[in-house]
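The structure under discussion appears below in the form of structure tokens.
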Amino acid sequence: DPSLPRFRLADVRKHGAASAQPWVTYEDKVYDITEWVGAHPGGDVILRAAGGSIEPYWNIFSIHKAPHVREILDQYLIGYIDAADLLRREHEAIEDPFVADPERDARLVSHTARPRNAEPPTDELTRAFHTPNSLFYVRNHMWVPVVGEGAEGDEHAVTVELPDGETRRYTLGELKARFPTHRITAALQCSGNRRSDMTKQATKTNGLQWGVGAISNAEWEGVRLADVLADAGLRVADAQAATAVAKPPPPPPPPPDDDYDDDDDAPPPASSLHVQFSGLEAYGASIPLETALDPRGDVLLAFGMNGAPLPRDHGFPLRAIVPGHVAARSVKWLSKIAVADEESHSQWQRRDYKGFGPNEGASPDWDRAKAIQEMPVTSAITGVWVGRGADKAAPGPSSPTGSNGGAGAQPVTLEGYAYSGGGRAIARVDVSLDGGKSWDQAALVDDCASGKCPGNRAWAWTRWRYSGRLPPAEAVTTTTEPDTNAGGNKACTTLVVKATDDAYNAQPETHASVYNVRGNLATAWHRVRLCRLS
Ligand code: MTE
Ligand code: MO
């Protein structure tokens with residue numbers, strides 16, 4: 001509409017976050033978002049963009065790059081940027097939301113710097129059972145919120161909202177003082193772990209191209225979410241039943257002649273409720289209330305990690321830890337917990353962290369697919385040593401049999417991790433040194449002996465080691481590709497690992513069979529190609 005007024009950027013700047021009428025710009029247009037702020041699904045985080053361009057934020061919150069969001073914004077159009085400012089605008093300094101991000105350990109392998117996404121180097125990944133805090137993988141969708149330092153964290157408050165709308169506020173100091181502290185050892189794993197394998201072995205996937213390191217293991221300290229919800233006054237009809245492993249079907253409705261009175265005030269059943277977590281930077285996700293109330297589920301509001309306060313990248317001062325579940329539900333910088341009759345409305349609950357069938361291609365049915373919660377079984381090779389002394393290179397228990405290959409074949413030692421969700425323990429790790437033709441079993445490292453892994457179920461990862469002998473050179477594939485280093489041919493073999501959990505769930509053989517455009521749950525057998533000069 002060319003009749004609308006032109007605004008100078010100086011005018012736009014006056015309508016910042018503190019003004020009663022916040023404005024934003026997009027391309028050459030100016031919008032008054034006053035009314036949108038209250039209705040915005042991400043809360044008032046939109047105010048960060050007030051007084052300037054919304055574009056850098058939409059580059060972060062990719063869900064906005066959709067026609068329907070432009071249509072919403074178009075309702076608030078009030079004018080255009082004055083031509084005198086349009087060219088200059090390119091050079092306007094936009095406040096960088098990432099300026100306050102913490103320093104990163106230089107050993108981390110970075111996928112993106114802003115927001116920060118990084119994984120430990122593969123050869124460090126399973127060196128220790130507890131991943132050191134400085135090496136723990138980092139998955140941030142936005143900037144790292146600033147919540148003071150040290151003891152200031154205890155002043156941070158989290159709001160608990162019940163289904164009837166009632167709220168209760170707890171400072172972290174209060175949580176620590178009033179509720180018993182619990183510790184659990186649990187791995188966190190991103191649903192995108194090993195996505196780059198799926199891309200290479202199947203086809204293109206959208207998302208960060210993680211290697212095998214979007215998983216780490218730590219001891220977490222916090223209070224139980226169930227304790228806090230009970231204290232806040234949560235009443236659910238079947239709180240008891242909700243915690244049963246298998247629930248009986250609901251009783252049949254009362255017969256019509258029964259003078260049964262439908263009690264409007266009856267609390268809702270836990271099985272239809274969800275606990276929605278919100279972070280300070282507007283990230284959000286939810287879990288079923290049954291998960292939160294499961295007395296053996298160990299869902300924590302955590303403030304400690306490996307004996308130290310949470311580092312800023314991992315949620316200082318408070319985060320949810322939902323063990324055995326996709327890490328996307330373990331919301332960091334926790335500011336609000338709402339018990340509601342629906343899942344979180346965030347894109348991370350309703351879109352990103354879902355799985356699809358290999359037939360669904362680039363436009364899957366987002367609404368029909370279930371949000372990922374408990375994780376399936378997976379494993380990976382993180383270290384390979386070949387040649388004389390290989391079995392000594394990796395300290396720890398050696399393989400029970402080591403029967404692969406014959407005399408004169410090269411010794412090899414492999415190590416790695418295996419992990420399954422839902423608290424299911426790893427029962428067995430199978431290793432093949434010849435691409436899956438013959439198999440042997442790895443030794444599982446007994447990191448959890450004598451109570452060293454607090455928690456009700458098997459939430460931690462399992463490290464494994466294997467020593468054997470490579471197949472003799474004449475028995476392995478000799479590739480026809482020239483070896484650029486020495487001019488000869490390379491003799492190659494494929495090392496494979498797959499794990500089985502205690503429910504006998506096993507990993508799929510190929511990524512193609514579980515392909516989905518998001519590259520989520522890339523749990524196929526992990527293969528490492530090993531080549532040597534012949
Ligand atoms: N919580 C907030 N507030 N913001 C985030 O970006 N990322 C989620 C989850 N919780 C995220 C969050 C995802 S997808 C993962 S995999 C884990 O945090 C990563 O936790 P970590 O960085 O401590 O490894
Ligand atoms: Mo993730």
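How things are named: the first chain in the structure tokens is A, the next is B, and so on; residues count from 1 in each chain; ligands count from 1 in the order shown.
Taking segment 171-201 of chain A and asking which residues DSSP calls strand (DSSP E) on the backbone, you get Thr171, Thr181, His182, Arg183, Ile184, Thr185, Ala186, Ala187, Leu188 and Gln189 of chain A.
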For the selection just defined, write its residues with C-alpha atoms to a file, as a short mmCIF file (atom, residue, chain, number, x, y, z; two decimals), in the first residue's frame.
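Result file follows (part_13.cif):
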data_model
loop_
_atom_site.label_atom_id
_atom_site.label_comp_id
_atom_site.auth_asym_id
_atom_site.auth_seq_id
_atom_site.Cartn_x
_atom_site.Cartn_y
_atom_site.Cartn_z
CA THR A 171 13.74 -19.63 43.38
CA THR A 181 18.58 -33.65 46.37
CA HIS A 182 18.89 -36.51 43.91
CA ARG A 183 21.78 -37.59 41.75
CA ILE A 184 21.61 -39.70 38.60
CA THR A 185 24.16 -40.71 35.99
CA ALA A 186 22.58 -40.19 32.58
CA ALA A 187 23.61 -39.75 28.99
CA LEU A 188 22.04 -37.01 26.90
CA GLN A 189 21.77 -37.65 23.21
#
Item to check | Selection as a PyMOL selection string: residues within 8 Å of ligand 2 by only C-alpha atoms and all ligand atoms | outcome: chain A and resi 139+189-192+214+326-328+353
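Checking A:Pro288, A:Pro121, A:Pro358, A:Pro163 one by one against Pro268 of chain A, counting only C-alpha atoms, you find the shortest gap at A:Pro163.
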Item to check | Spatial neighbours of segment 434-440 of chain A, max dist 12 Å, only C-alpha atoms, sep filter under 6 positions, as an MDAnalysis selection string | outcome: chainID A and resid 399:405 428 465:473 475:477 491:499 509:510 525:531
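With distances restricted to only C-alpha atoms and all ligand atoms, A:Lys332 is the closest residue to ligand 1 from A:Lys14, A:Lys332, A:Arg114, A:His511.
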Item to check | Within 6 Å of Gly79 of chain A using only C-alpha atoms, minus same-chain residues under 2 positions, as a VMD selection string | outcome: chain A and resid 4 to 6 30 77
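Nearest residue to Asp44 of chain A, choosing from A:Ala506, A:Leu300, A:Ala380, A:Ala18 and counting only C-alpha atoms: A:Ala18.
Around Leu521 of chain A, within 9 Å and counting only C-alpha atoms, the residues found are Cys190, Ser191, Gly192, Asn193, Arg194, Arg195, Gly355, Met375, Pro376, Thr378, Val514, Tyr515 and Asn516 of chain A, once anything fewer than 4 positions away on its own chain is removed.
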Go ahead and write the residues just picked, all heavy atoms, as a compact mmCIF listing (two decimals), in the first residue's frame.
# COMPACT_ATOMS: atom_id res chain seq x y z
N CYS A 190 21.32 -36.13 21.41
CA CYS A 190 20.50 -35.38 20.47
C CYS A 190 19.91 -36.35 19.44
O CYS A 190 20.57 -37.31 19.05
CB CYS A 190 21.35 -34.32 19.77
SG CYS A 190 20.40 -33.26 18.67
N SER A 191 18.69 -36.06 19.00
CA SER A 191 18.07 -36.93 18.00
C SER A 191 18.85 -36.88 16.68
O SER A 191 18.67 -37.73 15.83
CB SER A 191 16.63 -36.53 17.75
OG SER A 191 16.62 -35.27 17.10
N GLY A 192 19.72 -35.88 16.53
CA GLY A 192 20.51 -35.76 15.30
C GLY A 192 21.85 -36.45 15.38
O GLY A 192 22.65 -36.40 14.43
N ASN A 193 22.12 -37.13 16.53
CA ASN A 193 23.41 -37.82 16.63
C ASN A 193 23.57 -38.77 15.44
O ASN A 193 22.63 -39.48 15.08
CB ASN A 193 23.51 -38.60 17.95
CG ASN A 193 24.91 -39.10 18.23
OD1 ASN A 193 25.90 -38.50 17.79
ND2 ASN A 193 25.02 -40.22 18.93
N ARG A 194 24.76 -38.78 14.82
CA ARG A 194 25.12 -39.65 13.69
C ARG A 194 24.36 -39.30 12.40
O ARG A 194 24.35 -40.08 11.44
CB ARG A 194 24.91 -41.14 14.06
CG ARG A 194 25.70 -41.57 15.30
CD ARG A 194 25.56 -43.06 15.57
NE ARG A 194 25.91 -43.80 14.37
CZ ARG A 194 25.34 -44.94 14.01
NH1 ARG A 194 24.42 -45.50 14.75
NH2 ARG A 194 25.70 -45.52 12.90
N ARG A 195 23.76 -38.09 12.38
CA ARG A 195 23.03 -37.71 11.17
C ARG A 195 23.92 -37.73 9.93
O ARG A 195 23.46 -38.07 8.84
CB ARG A 195 22.44 -36.31 11.37
CG ARG A 195 21.65 -35.81 10.17
CD ARG A 195 21.07 -34.42 10.42
NE ARG A 195 19.92 -34.44 11.30
CZ ARG A 195 19.73 -33.61 12.32
NH1 ARG A 195 20.65 -32.70 12.62
NH2 ARG A 195 18.66 -33.67 13.06
N GLY A 355 10.09 -38.35 13.86
CA GLY A 355 10.63 -39.27 12.87
C GLY A 355 9.59 -39.55 11.81
O GLY A 355 8.39 -39.39 12.04
N MET A 375 14.45 -42.82 23.60
CA MET A 375 15.38 -43.03 22.48
C MET A 375 15.55 -44.52 22.16
O MET A 375 15.52 -45.37 23.06
CB MET A 375 16.75 -42.45 22.85
CG MET A 375 16.73 -40.94 22.93
SD MET A 375 16.40 -40.18 21.32
CE MET A 375 18.06 -39.77 20.82
N PRO A 376 15.74 -44.84 20.88
CA PRO A 376 16.05 -46.22 20.51
C PRO A 376 17.52 -46.56 20.77
O PRO A 376 18.32 -45.68 21.10
CB PRO A 376 15.74 -46.24 19.01
CG PRO A 376 15.94 -44.84 18.55
CD PRO A 376 15.65 -43.94 19.73
N THR A 378 21.39 -47.49 20.15
CA THR A 378 22.41 -47.11 19.17
C THR A 378 23.80 -47.45 19.71
O THR A 378 23.94 -47.82 20.88
CB THR A 378 22.31 -45.62 18.79
OG1 THR A 378 23.08 -45.37 17.62
CG2 THR A 378 22.81 -44.72 19.92
N VAL A 514 15.75 -46.53 7.52
CA VAL A 514 15.12 -45.64 8.51
C VAL A 514 15.25 -44.18 8.08
O VAL A 514 15.07 -43.25 8.87
CB VAL A 514 15.73 -45.82 9.93
CG1 VAL A 514 15.27 -47.13 10.54
CG2 VAL A 514 17.26 -45.74 9.90
N TYR A 515 15.53 -43.98 6.79
CA TYR A 515 15.76 -42.62 6.29
C TYR A 515 14.57 -41.71 6.57
O TYR A 515 13.41 -42.09 6.40
CB TYR A 515 16.02 -42.63 4.77
CG TYR A 515 16.10 -41.23 4.24
CD1 TYR A 515 17.24 -40.46 4.43
CD2 TYR A 515 15.00 -40.63 3.61
CE1 TYR A 515 17.29 -39.15 4.01
CE2 TYR A 515 15.04 -39.32 3.18
CZ TYR A 515 16.20 -38.58 3.39
OH TYR A 515 16.25 -37.27 2.98
N ASN A 516 14.86 -40.51 7.02
CA ASN A 516 13.84 -39.47 7.11
C ASN A 516 14.53 -38.15 6.83
O ASN A 516 15.71 -37.98 7.11
CB ASN A 516 13.14 -39.49 8.48
CG ASN A 516 14.08 -39.19 9.62
OD1 ASN A 516 14.19 -38.07 10.09
ND2 ASN A 516 14.80 -40.22 10.07
Next on the checklist: At a cut-off of 8 Å and counting only C-alpha atoms and all ligand atoms, what residues surround ligand 1? Please answer as a ChimeraX atom specification.
Outcome noted: /A:117,136-142,188-192,214-216,278-284,313-315,319,326-334,348
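Once segment 148-155 of chain A and its same-chain neighbours fewer than 4 positions away are set aside, Thr171, Leu172, Gly173 and Pro317 of chain A remain within 7 Å of it when counting only C-alpha atoms.
Interatomic distance, atom CA of Ala106 of chain A to atom CA of Pro132 of chain A: 13.6 Å.
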Checklist entry - If you run DSSP on this backbone, which residues of segment 65-168 of chain A come out as helix (DSSP H, G or I), and could you give them as number ranges by chain? => result A: 67-74, 83-89, 122-125, 150-155
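Interatomic distance, atom CA of Glu124 of chain A to atom CA of Pro454 of chain A: 23.9 Å.
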Next on the checklist: Using only C-alpha atoms, can you tell me which of A:Val69, A:Ser450, A:Ala100, A:Glu342 comes closest to Ser286 of chain A?
Outcome noted: A:Glu342
Segment 114-193 of chain A residues near segment 227-238 of chain A within 10 Å, closest pair each, using only C-alpha atoms, as a tab-separated table:
residue	atom	partner	partner_atom	distance
A:Thr159	CA	A:Ala232	CA	9.9
A:Val160	CA	A:Ala232	CA	7.1
A:Glu161	CA	A:Ala232	CA	8.4
A:Leu162	CA	A:Leu234	CA	6.4
A:Pro163	CA	A:Leu234	CA	8.2
A:Asp164	CA	A:Leu234	CA	9.5
A:Glu166	CA	A:Ala232	CA	9.1
A:Thr167	CA	A:Ala232	CA	7.9
A:Arg168	CA	A:Ala232	CA	6.1
A:Arg169	CA	A:Ala232	CA	8.7
A:Tyr170	CA	A:Val228	CA	9.1
A:Leu175	CA	A:Val228	CA	8.1
A:Arg178	CA	A:Val228	CA	9.4
A:Phe179	CA	A:Asp227	CA	7.3
A:Pro180	CA	A:Asp227	CA	8.7
Item to check | Selection: 6 Å around Ala427 of chain A, only C-alpha atoms, excl. self and same-chain fewer than 6 positions, as a count of residues only | outcome: 3
Next on the checklist: Counting only C-alpha atoms, which residue out of A:Val158, A:His130, A:Ile381, A:Arg424 sits closest to Lys336 of chain A?
Outcome noted: A:Val158
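One finds atom CA of His40 of chain A at 10.2 Å from atom CA of Ile72 of chain A.
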